[in-house]
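Report on the following structure.
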Amino acid sequence: MAVRTKRKDPRPARCLVFANRKGGCGKTTTAVNVSHALSRTGSRVLLVDMDPQAHATLSVGFKTDGACGDIRALLCGEASCHQAVAVTSIENLSLIPSVLALSAYEIENASRPGAETRLSQRVEPLALDFDFIIFDPPPTIGLLAVASMVAAREVYIPMQMHFLAMEGLAEMVRLIYRINATFNSRLCLRGIIPTFLNEKTRLAREIMDEIRTHFGLDTIFPGVRNNISLAEAPGYRQTIFQYAPESAGAQDYERVARRILDDPKSHPQEGGAES
Ligand SMILES: Nc1ncnc2c1ncn2[C@@H]1O[C@H](COP(=O)(O)OP(=O)(O)O)[C@@H](O)[C@H]1O
Ligand SMILES: [Mg+2]
């Protein structure tokens with residue numbers, strides 16, 4: 001259990017999700033490294049691994065001692081929210097780890113009424129313990145991804161600057177509207193984060209221009225360059241700030257986190273993580 005002292009800030013956590021229905025576009029890399037970057041500023045961050053592949057859990061070097069719960073146990077009511085929160089070796093960064101059995105949970109509960117709001121209800125008591133709660137959903141738009149978006153308020157879409165990725169973006173916007181209408185009217189697209197970026201290519205510049213035209217000038221976030229250290233770090237169970245703190249990847253995620261932290265539109269939500 002990670003939360004021992006109360007935060008001084010009485011406002012509930014900002015709840016973020018890095019979502020895209022496409023796999024391999026940098027969601028987990030972004031969730032992990034933005035979480036670490038925010039924790040380095042002194043913010044208390046809870047990273048919630050919603051993917052049965054547990055890549056975020058591995059990437060922050062978490063090793064279970066068998067004593068703590070996990071996201072499946074939390075969702076099934078077998079662990080309290082405080083039992084499910086684990087400390088990591090990174091200061092100010094806590095984790096609700098994932099396990100492979102989460103995929104069975106998704107299959108078993110996919111059509112159960114109310115399943116989409118369960119995560120939001122289960123993490124809501126943690127909202128006063130953290131400055132940020134960050135969800136890392138799986139790539140498929142099933143129960144776990146939808147539940148993450150129901151529990152969050154701010155959606156950020158990491159995406160590669162390819163034309164085919166634009167279709168995925170349109171689909172994500174439709175999904176946000178559907179979730180707005182059904183479960184969580186406060187969910188809002190707050191930024192598109194270009195990943196694997198090579199700004200020198202004309203294609204990347206054209207796509208960024210197209211996104212600005214459709215979504216407004218301030219939607220595009222500072223990009224994350226294609227950087228081999230970002231691909232290597234998870235193999236050492238480290239974030240980019242541990243593995244290669246001077247790398248382009250570390251600089252880029254520092255900028256993304258700074259932009260999230262300084263977002264003039266951000267206002268900590270009343271009523272915590274629940275919609
Ligand atoms: N900017 C980047 N430069 C190089 N490799 C990256 C970058 N971002 C992510 N990767 C690597 O690409 C792969 C997919 O990224 P990941 O964050 O796991 O995607 P997702 O969570 O969307 O499936 C991982 O091996 C990751 O280490
Ligand atoms: Mg992932």
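Following the order of the structure tokens, first chain is A, next is B, and so on, with residues numbered from 1 inside each chain and ligands from 1 in the order they appear.
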- Counting only C-alpha atoms and all ligand atoms, what residues are within 9 Å of ligand 1, given as a ChimeraX atom specification? /A:18-32,51,55-56,136-139,158-159,194-197,223-235,249,252
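The spacing separating CA of Leu47 (chain A) from CA of Pro97 (chain A) amounts to 8.3 Å.
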Give me the residues within 8 Å of Glu106 (chain A) as a ChimeraX atom specification, counting only C-alpha atoms and dropping any in the same chain fewer than 6 places off. /A:142-144
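Relative to CA of Leu75 (chain A), CA of Pro52 (chain A) is found at 13.1 Å.
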Hey, could you make a per-residue contact list for region 78-175 of chain A against region 36-42 of chain A with 7 Å as the cut-off, showing the nearest pair of atoms and its distance in Å to one decimal, counting only C-alpha atoms, sorted by chain and number, as JSON lines?
{"residue": "A:Glu91", "atom": "CA", "partner": "A:Ser39", "partner_atom": "CA", "distance": 6.9}
{"residue": "A:Asn92", "atom": "CA", "partner": "A:Ser39", "partner_atom": "CA", "distance": 5.3}
{"residue": "A:Leu93", "atom": "CA", "partner": "A:Ser39", "partner_atom": "CA", "distance": 5.9}
Query - Shell of 9 Å around Ile96 (chain A), only C-alpha atoms, local chain residues under 5 positions omitted, as a PyMOL selection string - result: chain A and resi 46-50+57+69-71+74+81+84-87
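Each of A:Ala104, A:Arg112, A:Ala244, A:Ala54 was compared to ligand 2 using only C-alpha atoms and all ligand atoms, and A:Ala54 turns out to be the nearest.
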Item checked: alpha helix (DSSP H) call set, DSSP backbone run, region 34-256 of chain A, as number ranges by chain -> A: 34-40, 55-59, 71-76, 81-84, 102-109, 115-123, 143-151, 163-182, 202-215, 228-232, 240-243, 248-256
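Distance-wise, CA of Leu175 (chain A) and CA of Val155 (chain A) end up 11.1 Å apart.
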**Request:** With a distance cut-off of 6 Å and only C-alpha atoms, select the neighbouring residues of region 130-132 of chain A, excluding the residue or stretch itself and same-chain residues fewer than 3 positions from it, and output the selection as a ChimeraX atom specification.
**Result:** /A:13-15,43-45,127
